[in-house]
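This report refers to the structure that appears directly beneath it.
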Amino acid sequence: MKRTSTARNPRQNVGRLQDIANIGPSIAADLRLLGIALPADLVGREPFAMYDELCRKTGQRHDPCVIDAFISAVRYMAGESKKPWWKYTAERKRIVAAWQIDKTELA
């Protein structure tokens, strides 16, 4: 007889934004400003777009490390293991540098 898996995604048990690694009160408030009220709302979101939207909504440029926290949270909710936000800094810098190169090619 074939067994079917009944294992649930462990991320389904995450109830509050601050239950996600790297998300404290300030970043949780930023996420709520973006319309993200529950951890599950992060699934499928794009961290760089979230950051741009946050900057537009607040009228100020936020520390780029906020992107790292957003990447960490989105990836965690997608099933990746917990990692400190700074583990995403090098990746963010590579993406931003590549985007700036592409942007200059458009000019």
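Residues are named by chain letter and number: chains run A, B, ... in the order of the structure tokens, numbers start at 1 in each chain, and ligands are numbered from 1 in the order shown.
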*Surrounding residues of Met50 (chain A) excluding itself and chain neighbours under 3 positions, 12 Å, only C-alpha atoms, as a list in words*: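 Once the adjacent positions are removed, what remains is Ile27, Asp30, Leu31, Arg32, Leu33, Leu34, Gly35, Ile36, Leu42, Gly44, Arg45, Glu46, Pro47, Glu53, Leu54, Cys55, Arg56, Lys57, His62, Pro64, Val66, Ile67, Asp68, Ala69, Phe70, Ile71, Ala73 and Val74 of chain A.
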*region 4-106 of chain A: which residues are alpha helix (DSSP H) by DSSP, as a PyMOL selection string?*
chain A and resi 25-33+47-58+65-77+89-106
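Distance check against Gly15 (chain A) using only C-alpha atoms: of A:Cys65, A:Ala29, A:Asp41, A:Phe48, the minimum falls on A:Asp41.
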*Smallest atom-to-atom distance to Tyr88 (chain A): which of A:Ser72, A:Gln18, A:Gln100, A:Thr58, using only C-alpha atoms?*
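Of A:Ser72, A:Gln18, A:Gln100, A:Thr58, the one nearest Tyr88 (chain A) is A:Ser72, counting only C-alpha atoms.
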*Separation of CA of Pro39 (chain A) and CA of Ala21 (chain A), in Å?*
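Between CA of Pro39 (chain A) and CA of Ala21 (chain A) the gap works out to 11.2 Å.
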_Please report the interatomic distance between CA of Arg61 (chain A) and CA of Asp19 (chain A) in Å with one decimal._
25.8 Å
*With only C-alpha atoms as the basis for distance, which of A:Asp52, A:Pro84, A:Gly59, A:Ala37 is at the shortest distance from Asn22 (chain A)?*
A:Pro84
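If only C-alpha atoms are the atoms counted, then among A:Asp63, A:Ile101, A:Ala40, A:Ile95 the closest residue to Arg16 (chain A) is A:Ala40.
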